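J.: upload_23.txt (compact mmCIF, C-alpha atoms) pasted underneath:
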```
# COMPACT_ATOMS: atom_id res chain seq x y z
CA MET A 15 15.59 48.09 -31.22
CA SER A 16 18.94 49.25 -32.56
CA ASN A 17 20.16 48.10 -35.92
CA PHE A 18 23.52 46.37 -35.63
CA ASN A 19 23.68 44.58 -38.99
CA ASP A 20 26.82 46.50 -40.04
CA ASP A 21 28.23 46.89 -36.56
CA THR A 22 31.11 44.66 -35.37
CA ILE A 23 31.78 44.47 -31.64
CA VAL A 24 34.79 43.21 -29.70
CA ALA A 25 35.58 42.50 -26.05
CA ILE A 26 37.80 40.42 -23.81
CA SER A 27 35.69 37.46 -22.72
CA THR A 28 37.98 36.18 -19.99
CA GLY A 29 38.54 37.87 -16.64
CA ALA A 30 40.79 40.88 -16.33
CA SER A 31 43.61 39.01 -14.57
CA THR A 32 46.70 36.97 -15.34
CA GLY A 33 45.97 33.39 -16.39
CA ALA A 34 46.98 30.63 -18.78
CA ILE A 35 44.73 31.81 -21.62
CA SER A 36 42.83 34.96 -22.53
CA ILE A 37 40.06 35.15 -25.14
CA VAL A 38 39.23 38.15 -27.30
CA ARG A 39 35.88 37.81 -29.06
CA MET A 40 34.43 39.65 -32.09
CA SER A 41 30.93 39.46 -33.57
CA GLY A 42 29.47 41.15 -36.64
CA THR A 43 29.69 41.25 -40.43
CA SER A 44 33.27 42.58 -40.43
CA SER A 45 34.69 40.26 -37.75
CA ILE A 46 36.32 37.79 -40.18
CA THR A 47 37.52 40.63 -42.44
CA ILE A 48 39.21 42.28 -39.44
CA ALA A 49 40.74 38.94 -38.42
CA ASP A 50 42.23 38.63 -41.93
CA LYS A 51 44.11 41.91 -41.35
CA ILE A 52 45.77 40.93 -38.09
CA PHE A 53 46.04 37.10 -37.96
CA PHE A 54 48.52 35.19 -40.14
CA THR A 55 49.59 31.54 -40.43
CA LYS A 56 52.97 30.22 -41.61
CA SER A 57 51.32 28.90 -44.77
CA GLY A 58 49.82 32.31 -45.52
CA LYS A 59 46.26 31.17 -44.94
CA HIS A 60 43.76 33.81 -43.76
CA PRO A 61 40.90 33.31 -41.25
CA SER A 62 38.37 33.74 -44.07
CA GLU A 63 39.81 30.51 -45.51
CA PHE A 64 39.63 28.56 -42.23
CA ASP A 65 37.14 25.75 -41.71
CA ALA A 66 34.46 26.93 -39.28
CA ARG A 67 34.87 25.94 -35.62
CA TYR A 68 38.45 24.71 -36.00
CA LEU A 69 41.27 26.29 -33.98
CA THR A 70 44.22 27.38 -36.10
CA LEU A 71 47.67 28.36 -34.83
CA GLY A 72 49.18 31.57 -36.13
CA THR A 73 50.48 35.03 -35.27
CA ILE A 74 48.53 38.11 -34.29
CA LYS A 75 50.25 41.32 -35.37
CA THR A 76 49.36 44.46 -33.43
CA ALA A 77 50.80 47.98 -33.70
CA THR A 78 53.20 47.33 -30.81
CA PHE A 79 53.84 43.55 -30.61
CA ASN A 80 53.31 40.15 -32.18
CA GLU A 81 51.67 37.24 -30.32
CA GLN A 82 51.51 33.54 -31.09
CA ALA A 83 47.84 32.61 -30.69
CA MET A 84 44.94 30.47 -31.87
CA CYS A 85 42.07 31.70 -34.02
CA VAL A 86 38.65 30.13 -34.56
CA CYS A 87 35.88 31.40 -36.85
CA PHE A 88 32.13 30.83 -36.51
CA ARG A 89 30.01 31.65 -39.52
CA ALA A 90 26.44 32.95 -39.38
CA PRO A 91 23.96 31.68 -38.48
CA LYS A 92 25.79 28.81 -36.72
CA SER A 93 27.36 30.87 -33.96
CA TYR A 94 26.54 32.01 -30.45
CA THR A 95 25.23 35.38 -31.63
CA GLY A 96 23.85 34.18 -34.96
CA GLU A 97 26.40 36.44 -36.72
CA ASP A 98 29.91 35.88 -38.04
CA MET A 99 32.19 35.54 -35.03
CA VAL A 100 35.92 35.26 -34.37
CA GLU A 101 37.71 34.31 -31.18
CA PHE A 102 41.43 34.76 -30.53
CA GLN A 103 42.92 32.58 -27.81
CA CYS A 104 46.15 34.17 -26.66
CA HIS A 105 48.54 33.77 -23.75
CA GLY A 106 47.06 34.94 -20.48
CA GLY A 107 47.89 38.39 -19.27
CA THR A 108 45.95 41.61 -19.30
CA GLN A 109 48.35 43.55 -21.56
CA ILE A 110 48.41 40.93 -24.33
CA ALA A 111 44.61 40.72 -24.50
CA MET A 112 44.28 44.52 -24.27
CA GLY A 113 46.73 44.96 -27.15
CA ILE A 114 44.73 42.58 -29.36
CA LEU A 115 41.52 44.35 -28.35
CA ARG A 116 42.99 47.74 -29.32
CA GLU A 117 44.13 46.37 -32.69
CA CYS A 118 40.63 45.04 -33.45
CA ILE A 119 39.20 48.47 -32.63
CA ASN A 120 41.83 50.16 -34.81
CA GLN A 121 40.72 47.92 -37.68
CA GLY A 122 37.06 48.95 -37.39
CA ALA A 123 35.42 47.09 -34.52
CA ARG A 124 33.94 48.89 -31.53
CA LEU A 125 34.04 47.92 -27.86
CA ALA A 126 31.00 45.86 -26.90
CA THR A 127 28.70 46.97 -24.12
CA ASN A 128 27.86 44.74 -21.16
CA GLY A 129 26.01 41.62 -22.29
CA GLU A 130 25.92 42.72 -25.93
CA PHE A 131 27.00 39.35 -27.34
CA THR A 132 24.16 37.59 -25.52
CA LYS A 133 21.75 40.38 -26.41
CA ARG A 134 22.55 39.80 -30.08
CA ALA A 135 21.98 36.07 -29.56
CA PHE A 136 18.53 36.90 -28.17
CA LEU A 137 17.64 39.41 -30.90
CA ASN A 138 18.77 36.95 -33.58
CA GLY A 139 16.54 34.22 -32.16
CA LYS A 140 19.36 32.04 -30.78
CA MET A 141 17.90 32.01 -27.28
CA SER A 142 14.94 33.31 -25.31
CA LEU A 143 15.17 36.12 -22.77
CA SER A 144 14.63 33.70 -19.88
CA SER A 145 17.41 31.42 -21.20
CA ALA A 146 19.77 34.42 -21.26
CA GLU A 147 18.81 35.19 -17.66
CA GLY A 148 19.50 31.56 -16.77
CA MET A 149 23.00 31.95 -18.15
CA MET A 150 23.52 35.07 -16.02
CA ASP A 151 22.26 33.19 -12.96
CA MET A 152 24.80 30.42 -13.59
CA ILE A 153 27.64 32.92 -13.94
CA ASN A 154 26.68 34.69 -10.69
CA ALA A 155 25.82 31.49 -8.78
CA GLU A 156 27.25 31.01 -5.29
CA SER A 157 25.94 27.49 -4.76
CA ASP A 158 25.33 24.29 -6.74
CA ALA A 159 21.58 24.75 -6.24
CA GLU A 160 21.77 28.15 -7.98
CA ILE A 161 23.74 26.59 -10.83
CA ARG A 162 21.13 23.86 -11.28
CA ALA A 163 18.26 26.36 -11.26
CA GLY A 164 20.12 28.59 -13.73
CA TYR A 165 20.83 25.64 -16.00
CA LYS A 166 17.14 24.74 -16.14
CA LEU A 167 16.42 28.30 -17.26
CA LEU A 168 19.28 28.30 -19.75
CA THR A 169 18.16 25.04 -21.35
CA GLY A 170 14.66 26.37 -21.91
CA GLY A 171 12.51 24.91 -19.14
CA LEU A 172 10.60 28.14 -18.54
CA SER A 173 10.71 29.11 -22.22
CA LYS A 174 8.89 25.91 -23.12
CA LEU A 175 6.21 26.56 -20.51
CA ALA A 176 5.72 30.11 -21.82
CA THR A 177 5.75 29.08 -25.48
CA ASP A 178 3.27 26.26 -24.87
CA ALA A 179 1.02 28.57 -22.83
CA GLN A 180 1.04 31.22 -25.56
CA GLN A 181 0.22 28.61 -28.17
CA GLU A 182 -2.68 27.38 -26.04
CA LEU A 183 -4.00 30.92 -25.69
CA THR A 184 -3.62 31.49 -29.45
CA ASP A 185 -5.66 28.35 -30.12
CA ILE A 186 -8.33 29.47 -27.65
CA LEU A 187 -8.56 32.91 -29.26
CA ALA A 188 -8.86 31.28 -32.68
CA GLU A 189 -11.72 29.13 -31.39
CA ILE A 190 -13.46 32.23 -30.08
CA GLU A 191 -13.00 33.99 -33.44
CA VAL A 192 -14.59 31.05 -35.25
CA SER A 193 -17.61 31.20 -32.93
CA PHE A 194 -18.23 34.82 -34.02
CA ASP A 195 -19.03 33.50 -37.51
CA TYR A 196 -21.77 31.33 -36.03
CA PRO A 197 -23.68 33.52 -33.56
CA GLU A 198 -26.19 30.83 -32.58
CA GLU A 199 -26.72 30.62 -28.83
CA THR A 200 -25.99 26.87 -28.71
CA ILE A 201 -22.61 27.25 -30.41
CA GLU A 202 -21.63 30.10 -28.07
CA TYR A 203 -22.58 27.97 -25.05
CA ILE A 204 -20.47 25.03 -26.25
CA THR A 205 -17.55 27.34 -27.06
CA LYS A 206 -17.70 28.98 -23.63
CA SER A 207 -17.71 25.58 -21.94
CA LYS A 208 -14.66 24.37 -23.87
CA VAL A 209 -12.76 27.64 -23.44
CA LYS A 210 -13.44 27.74 -19.70
CA GLU A 211 -12.15 24.20 -19.27
CA ARG A 212 -8.93 24.99 -21.15
CA LEU A 213 -8.37 28.24 -19.25
CA ILE A 214 -8.81 26.48 -15.90
CA ASP A 215 -6.26 23.84 -16.93
CA LEU A 216 -3.76 26.51 -18.02
CA GLU A 217 -4.26 28.52 -14.83
CA LYS A 218 -3.56 25.37 -12.79
CA ARG A 219 -0.30 24.73 -14.66
CA ILE A 220 0.86 28.30 -14.05
CA GLU A 221 -0.12 28.07 -10.39
CA GLU A 222 1.97 24.90 -9.97
CA VAL A 223 5.05 26.68 -11.30
CA LEU A 224 4.37 29.81 -9.22
CA ALA A 225 4.24 27.61 -6.12
CA THR A 226 8.00 27.04 -6.51
CA SER A 227 8.86 30.75 -6.38
CA GLU A 228 9.17 31.01 -2.60
CA ALA A 229 11.72 28.21 -2.47
CA GLY A 230 13.31 29.56 -5.65
CA LYS A 231 13.91 32.90 -4.00
CA LEU A 232 15.74 31.15 -1.16
CA ILE A 233 17.84 29.13 -3.62
CA LYS A 234 18.94 32.30 -5.39
CA SER A 235 19.41 34.63 -2.42
CA GLY A 236 20.12 32.08 0.30
CA ILE A 237 18.18 31.19 3.44
CA ASN A 238 18.40 34.05 5.95
CA VAL A 239 18.72 32.44 9.39
CA LEU A 240 18.79 34.65 12.48
CA ILE A 241 20.10 33.53 15.89
CA VAL A 242 18.42 35.23 18.86
CA GLY A 243 18.21 34.77 22.61
CA LYS A 244 19.19 36.44 25.82
CA PRO A 245 22.89 37.02 26.58
CA ASN A 246 25.21 34.06 27.21
CA VAL A 247 22.88 31.28 25.94
CA GLY A 248 25.38 30.04 23.33
CA LYS A 249 24.47 32.06 20.22
CA SER A 250 28.04 32.75 19.15
CA SER A 251 29.10 29.16 19.85
CA LEU A 252 26.31 27.88 17.61
CA LEU A 253 27.27 30.30 14.83
CA ASN A 254 30.91 29.18 15.03
CA ASN A 255 29.87 25.53 14.93
CA LEU A 256 27.64 25.96 11.87
CA LEU A 257 30.27 28.03 10.03
CA GLN A 258 33.07 25.70 11.16
CA THR A 259 35.20 28.69 12.09
CA ASN A 260 35.74 31.03 15.04
CA LYS A 261 33.83 33.90 13.47
CA ALA A 262 32.34 35.23 16.72
CA ILE A 263 34.10 35.86 20.03
CA VAL A 264 32.93 33.45 22.72
CA THR A 265 33.31 34.26 26.44
CA ASP A 266 31.41 33.62 29.67
CA ILE A 267 30.74 37.36 29.92
CA ALA A 268 27.14 38.31 29.08
CA GLY A 269 26.85 40.87 26.28
CA THR A 270 30.10 39.95 24.50
CA THR A 271 28.36 40.23 21.11
CA ARG A 272 27.21 43.83 20.75
CA ASP A 273 26.78 44.02 16.99
CA ILE A 274 25.55 41.51 14.43
CA VAL A 275 28.03 38.86 13.24
CA GLU A 276 27.37 37.32 9.82
CA GLY A 277 28.61 34.29 7.93
CA THR A 278 27.59 31.96 5.11
CA PHE A 279 27.69 28.19 4.77
CA LEU A 280 26.29 25.65 2.32
CA LEU A 281 23.56 23.26 3.38
CA ASP A 282 22.79 20.56 0.78
CA ASP A 283 24.25 22.88 -1.90
CA ILE A 284 22.03 25.76 -0.76
CA LYS A 285 23.50 28.96 0.66
CA VAL A 286 22.56 29.82 4.25
CA ASN A 287 23.11 33.40 5.42
CA LEU A 288 23.61 33.13 9.16
CA THR A 289 23.37 36.14 11.49
CA ASP A 290 24.29 36.14 15.17
CA THR A 291 22.76 39.01 17.13
CA ALA A 292 23.40 40.79 20.38
CA GLY A 293 21.64 39.14 23.30
CA ILE A 294 18.16 40.65 23.64
CA HIS A 295 17.71 42.16 27.09
CA GLU A 296 17.23 45.48 28.85
CA THR A 297 20.47 47.45 29.05
CA ASP A 298 21.69 50.97 29.79
CA ASP A 299 24.78 50.54 27.61
CA LYS A 300 24.18 52.72 24.52
CA VAL A 301 26.28 50.59 22.17
CA GLU A 302 24.77 47.33 23.41
CA LYS A 303 21.26 48.80 23.15
CA ILE A 304 21.81 49.56 19.45
CA GLY A 305 22.76 45.91 18.89
CA VAL A 306 19.63 44.75 20.75
CA ASP A 307 17.40 47.02 18.65
CA ILE A 308 18.97 45.71 15.44
CA ALA A 309 18.30 42.14 16.59
CA LYS A 310 14.62 42.91 17.21
CA ASN A 311 14.24 44.53 13.78
CA LEU A 312 15.87 41.57 12.02
CA ILE A 313 13.46 39.01 13.47
CA ASN A 314 10.59 39.81 11.09
CA SER A 315 12.77 40.01 7.98
CA SER A 316 14.45 36.60 8.42
CA ASP A 317 13.35 33.37 6.75
CA ILE A 318 13.96 31.32 9.90
CA VAL A 319 14.66 32.43 13.46
CA LEU A 320 16.65 30.20 15.83
CA PHE A 321 15.49 31.02 19.36
CA LEU A 322 18.11 29.85 21.86
CA VAL A 323 17.44 29.02 25.48
CA ASP A 324 19.94 27.54 27.94
CA SER A 325 18.91 23.97 28.78
CA ASN A 326 21.19 24.18 31.83
CA SER A 327 19.30 27.14 33.34
CA LYS A 328 15.71 27.86 34.30
CA TYR A 329 13.44 29.46 31.73
CA THR A 330 13.04 33.12 32.68
CA ASP A 331 10.67 36.00 32.06
CA GLU A 332 13.40 37.44 29.85
CA ASP A 333 13.33 34.28 27.70
CA GLU A 334 9.54 34.52 27.48
CA ARG A 335 9.61 38.15 26.35
CA ILE A 336 11.90 37.21 23.48
CA TYR A 337 9.79 34.18 22.58
CA GLU A 338 6.66 36.33 22.40
CA ILE A 339 8.34 38.20 19.53
CA VAL A 340 9.79 35.09 17.89
CA LYS A 341 6.75 32.79 18.01
CA LYS A 342 4.94 34.79 15.31
CA THR A 343 7.70 33.89 12.83
CA LYS A 344 8.94 30.66 11.24
CA HIS A 345 11.24 29.50 14.02
CA ILE A 346 13.09 26.65 15.72
CA VAL A 347 13.71 26.55 19.48
CA ILE A 348 17.27 25.50 20.32
CA LYS A 349 17.98 24.11 23.80
CA THR A 350 21.70 24.85 24.07
CA LYS A 351 24.47 23.32 26.20
CA ALA A 352 22.82 19.90 25.91
CA ASP A 353 26.05 18.22 27.07
CA LEU A 354 25.48 19.67 30.56
CA THR A 355 22.79 18.93 33.14
CA GLN A 356 19.38 19.90 31.80
CA ASN A 357 17.45 22.21 34.08
CA ASN A 358 14.90 23.89 31.79
CA SER A 359 11.31 22.78 32.38
CA LYS A 360 9.72 24.80 29.52
CA THR A 361 8.92 22.66 26.45
CA PHE A 362 8.22 23.77 22.89
CA GLU A 363 6.72 22.14 19.82
CA ASN A 364 9.78 22.73 17.61
CA GLU A 365 12.67 22.21 20.00
CA ILE A 366 16.06 20.64 19.38
CA TYR A 367 18.70 19.92 22.03
CA VAL A 368 22.05 21.11 20.74
CA SER A 369 25.59 21.10 22.06
CA SER A 370 27.97 23.30 20.10
CA LYS A 371 30.80 21.67 22.02
CA THR A 372 30.05 18.03 21.10
CA GLY A 373 28.01 18.60 17.91
CA GLN A 374 24.89 16.98 19.36
CA GLY A 375 21.74 18.03 17.46
CA ILE A 376 23.57 19.98 14.72
CA ASP A 377 22.56 17.58 11.92
CA GLU A 378 18.97 17.56 13.21
CA LEU A 379 18.98 21.37 13.16
CA LYS A 380 20.23 21.48 9.57
CA SER A 381 17.54 19.03 8.46
CA LYS A 382 14.90 21.12 10.22
CA ILE A 383 16.02 24.27 8.41
CA LEU A 384 15.58 22.55 5.04
CA GLU A 385 12.24 21.10 6.14
CA LEU A 386 10.84 24.51 7.13
CA THR A 387 11.88 26.13 3.85
CA LYS A 388 10.54 23.17 1.80
CA ILE A 389 13.52 23.54 -0.53
CA SER A 390 14.51 19.87 -0.36
CA ASN A 391 11.19 18.90 -1.97
CA LEU A 392 11.98 21.05 -5.01
CA SER A 393 15.70 20.51 -5.49
CA ASN A 394 15.14 18.02 -8.32
CA SER A 395 12.10 19.76 -9.79
CA ASN A 396 12.03 20.29 -13.55
CA LEU A 397 11.45 24.01 -13.08
CA ILE A 398 11.90 26.39 -10.17
CA ILE A 399 11.09 30.10 -10.41
CA THR A 400 14.09 31.99 -9.01
CA ASN A 401 13.62 35.27 -10.88
CA GLU A 402 11.28 37.96 -9.56
CA ARG A 403 10.58 39.22 -13.09
CA HIS A 404 9.35 35.78 -14.13
CA ARG A 405 7.26 35.41 -10.98
CA ASP A 406 5.64 38.79 -11.56
CA ALA A 407 4.84 38.04 -15.23
CA LEU A 408 3.30 34.67 -14.36
CA SER A 409 1.30 36.20 -11.49
CA ARG A 410 -0.17 38.86 -13.76
CA ALA A 411 -0.97 36.23 -16.41
CA LYS A 412 -2.67 34.07 -13.79
CA ASN A 413 -4.78 37.01 -12.60
CA SER A 414 -5.89 37.75 -16.18
CA LEU A 415 -6.85 34.10 -16.67
CA LYS A 416 -8.75 34.16 -13.39
CA LEU A 417 -10.71 37.20 -14.58
CA ALA A 418 -11.53 35.49 -17.88
CA ILE A 419 -12.69 32.34 -16.05
CA SER A 420 -14.84 34.24 -13.54
CA ASN A 421 -16.52 36.37 -16.24
CA ILE A 422 -16.99 33.84 -19.01
CA ASP A 423 -20.46 32.72 -17.89
CA THR A 424 -21.87 36.24 -17.67
CA VAL A 425 -20.29 38.26 -20.49
CA SER A 426 -19.80 37.81 -24.21
CA LEU A 427 -16.76 35.97 -25.58
CA ASP A 428 -15.34 39.09 -27.22
CA LEU A 429 -15.01 40.68 -23.76
CA VAL A 430 -13.46 37.51 -22.32
CA SER A 431 -10.90 37.55 -25.13
CA ILE A 432 -9.55 40.89 -23.82
CA ASP A 433 -8.32 39.21 -20.61
CA ILE A 434 -7.02 36.22 -22.59
CA LYS A 435 -4.99 38.53 -24.86
CA GLN A 436 -3.62 40.29 -21.79
CA ALA A 437 -2.51 36.95 -20.32
CA TYR A 438 -0.79 36.21 -23.65
CA LEU A 439 1.18 39.47 -23.43
CA TYR A 440 2.22 38.87 -19.82
CA ILE A 441 3.47 35.36 -20.57
CA GLY A 442 5.38 36.70 -23.59
CA GLU A 443 7.44 38.89 -21.26
CA ILE A 444 9.19 35.73 -20.05
CA THR A 445 10.59 34.73 -23.44
CA GLY A 446 10.94 38.34 -24.55
CA ASN A 447 8.56 38.32 -27.51
CA THR A 448 6.30 40.93 -25.86
CA THR A 449 8.92 42.67 -23.71
CA SER A 450 9.75 46.36 -24.11
CA GLU A 451 13.17 47.43 -25.36
CA SER A 452 13.93 49.26 -22.10
CA ILE A 453 13.44 46.08 -20.05
CA ILE A 454 15.60 44.08 -22.46
CA ASP A 455 18.36 46.72 -22.26
CA SER A 456 18.14 46.69 -18.46
CA ILE A 457 18.48 42.90 -18.29
CA PHE A 458 21.52 42.69 -20.55
CA SER A 459 23.24 45.65 -18.90
CA LYS A 460 23.66 43.41 -15.83
CA PHE A 461 25.82 40.97 -17.80
CA CYS A 462 29.60 41.18 -17.65
CA LEU A 463 31.59 42.72 -20.52
CA GLY A 464 32.38 40.16 -23.20
CA LYS A 465 29.38 37.92 -22.50
```
What is this structure when it is put down as structure tokens?

T.:
Amino acid sequence: MSNFNDDTIVAISTGASTGAISIVRMSGTSSITIADKIFFTKSGKHPSEFDARYLTLGTIKTATFNEQAMCVCFRAPKSYTGEDMVEFQCHGGTQIAMGILRECINQGARLATNGEFTKRAFLNGKMSLSSAEGMMDMINAESDAEIRAGYKLLTGGLSKLATDAQQELTDILAEIEVSFDYPEETIEYITKSKVKERLIDLEKRIEEVLATSEAGKLIKSGINVLIVGKPNVGKSSLLNNLLQTNKAIVTDIAGTTRDIVEGTFLLDDIKVNLTDTAGIHETDDKVEKIGVDIAKNLINSSDIVLFLVDSNSKYTDEDERIYEIVKKTKHIVIKTKADLTQNNSKTFENEIYVSSKTGQGIDELKSKILELTKISNLSNSNLIITNERHRDALSRAKNSLKLAISNIDTVSLDLVSIDIKQAYLYIGEITGNTTSESIIDSIFSKFCLGK
């Protein structure tokens, strides 16, 4: 990895817009020296003389203007990056912050790359790779559930699991090494028995965490809910009710919705991506047919399908043709227009009577969505896997452990140790201690500038 011991970076850490305060951040061995050249107090005190972590009022002098601002210094290793750091808190406004940034660069700093401050924190041992990813998840979160999951990552929930697992594997490998010094058959048998028991226990712990990944994916990306049914059964009315807005046009004319209509709402702090489709039926209208084909293709890629039938009309062959496609998926049958006379004799196992006009059945529908995704059971869990990289690393580690367990009774311990070492490497990808530089660079490149 690149050597940055003599490299000082700078960036604007606040958003590129007008606000009350902007923050310009520097990190590196020259950061306090550079601050001494541009920041001055009335008493003549320089930043190098400031007490660490205390804000001090003064003046920043740039090539084109002066600015009254605050300066705070953080000294290595007690800083976010583990290096000397300086932050200038100036008046909000893009030009003021940009001017201070330019002056820092003129004095010897260079512009930071995306995520470089956090990357330095990782490389200097201030946080694990998974904790850094948790921070990114919090920044990009679109729901409280995403924030909570990101916070658990940030505060080291997954790091602890990985560190403990690697320590367990190290201890197991050490036990195997000791047995090589005593090649008696009895000792090898006892060692195999103990090692197998410990590997099974570790595999079980990893499996328990992996079991949260399906729900974790939904927490991070949102639950994709698709509304389908024949024309004029109330699909657009249901979408408008759930979104609490008139997103879709509602008329008595069949085929009003020709393209997909999308919207998002929060359900118990979890994002739901709702899609209303064109009514599925046979049509000669080219535009309408495209919408129908899109609806059919979306059915298999959705997390939950809401199949709507009109409770005020008889169940038709057209309804049945749609249901034949839907019933193979995770679905809920919605009997719409429940405020009117019910005239639909067909019954279903998962059916809810709903009236978009009166709100009847809406709360029951929301509860059913959460029940089918099993997210509500995990919302307060200590650890939820929301990151595909983490899921993949744990899955590969689990497979290596499974191989070691299945072979341990028939092969020598030195061969079993190969799979154990492989599991160790896979688990290390989570914290970053066995991760390649290219993967690390890729992860931090997704961070915003100044973070």

J.: Figure out the distance between atom CA of Lys133 of chain A and atom CA of Asp455 of chain A, please, to one decimal in Å.

T.: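 Pair atom CA of Asp455 of chain A / atom CA of Lys133 of chain A returns 8.3 Å.
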
J.: Taking all atoms listed in the file into account, name the residue in A:Lys388, A:Ser452, A:Glu363, A:Gly96 that is nearest to Ala225 of chain A.

T.: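 Of A:Lys388, A:Ser452, A:Glu363, A:Gly96, the one nearest Ala225 of chain A, counting all atoms listed in the file, is A:Lys388.
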
J.: Find the residues with any atom within 8 Å of (49.8, 29.3, -39.1); use only C-alpha atoms and the coordinates as given in the file, and write the answer as a ChimeraX atom specification.

T.: /A:54-59,70-73

J.: Fewer than 4 positions away in the same chain doesn't count, so skip those; otherwise give me all residues within 9 Å of Leu69 of chain A, counting all atoms listed in the file, as a VMD selection string.

T.: chain A and resid 64 to 65 84 to 87 103

J.: Given the point (42.3, 38.7, -26.1) in the file's coordinates, find the residues that have an atom at most 8 Å from it, counting only C-alpha atoms, and give them as a PyMOL selection string.

T.: chain A and resi 25-28+36-39+102-104+110-115

J.: If we count all atoms listed in the file, what is near segment 377-381 of chain A at a cut-off of 8 Å, once residues fewer than 4 positions away on the same chain are taken out, given as an MDAnalysis selection string?

T.: chainID A and resid 281 366 385

J.: Compile the contact shell of Ala437 of chain A as number ranges by chain: residues with an atom at most 7 Å away, counting all atoms listed in the file, same-chain residues fewer than 5 positions apart removed.

T.: A: 411, 414-415

J.: Using only C-alpha atoms, which of A:Thr387, A:Thr47, A:Asn314, A:Thr445 sits nearest Lys140 of chain A?

T.: A:Thr445

J.: Have a look at A:Lys416, A:Lys460, A:Lys234, A:Lys328 and name the one nearest to Lys360 of chain A; count all atoms listed in the file.

T.: A:Lys328

J.: If we count only C-alpha atoms, what is near Ala407 of chain A at a cut-off of 8 Å, once residues fewer than 4 positions away on the same chain are taken out, given as a VMD selection string?

T.: chain A and resid 403 411 440 to 441 443 to 444

J.: Skipping near chain neighbours, those fewer than 2 positions away, what residues fall within 10 Å of segment 177-187 of chain A using only C-alpha atoms, listed as a ChimeraX atom specification?

T.: /A:170,172-175,189-193,205,208-210,212-213,216-217,219-220,415,427-428,430-432,434-435,437-442,444-445,447

J.: From the set A:Leu252, A:Ile453, A:Leu408, A:Lys285, which residue has the shortest atom-to-atom contact distance to Lys349 of chain A, counting only C-alpha atoms?

T.: A:Leu252

J.: In Å, rounded to a single decimal, give me how far atom CA of Lys344 of chain A is from atom CA of Asn357 of chain A.

T.: 25.8 Å
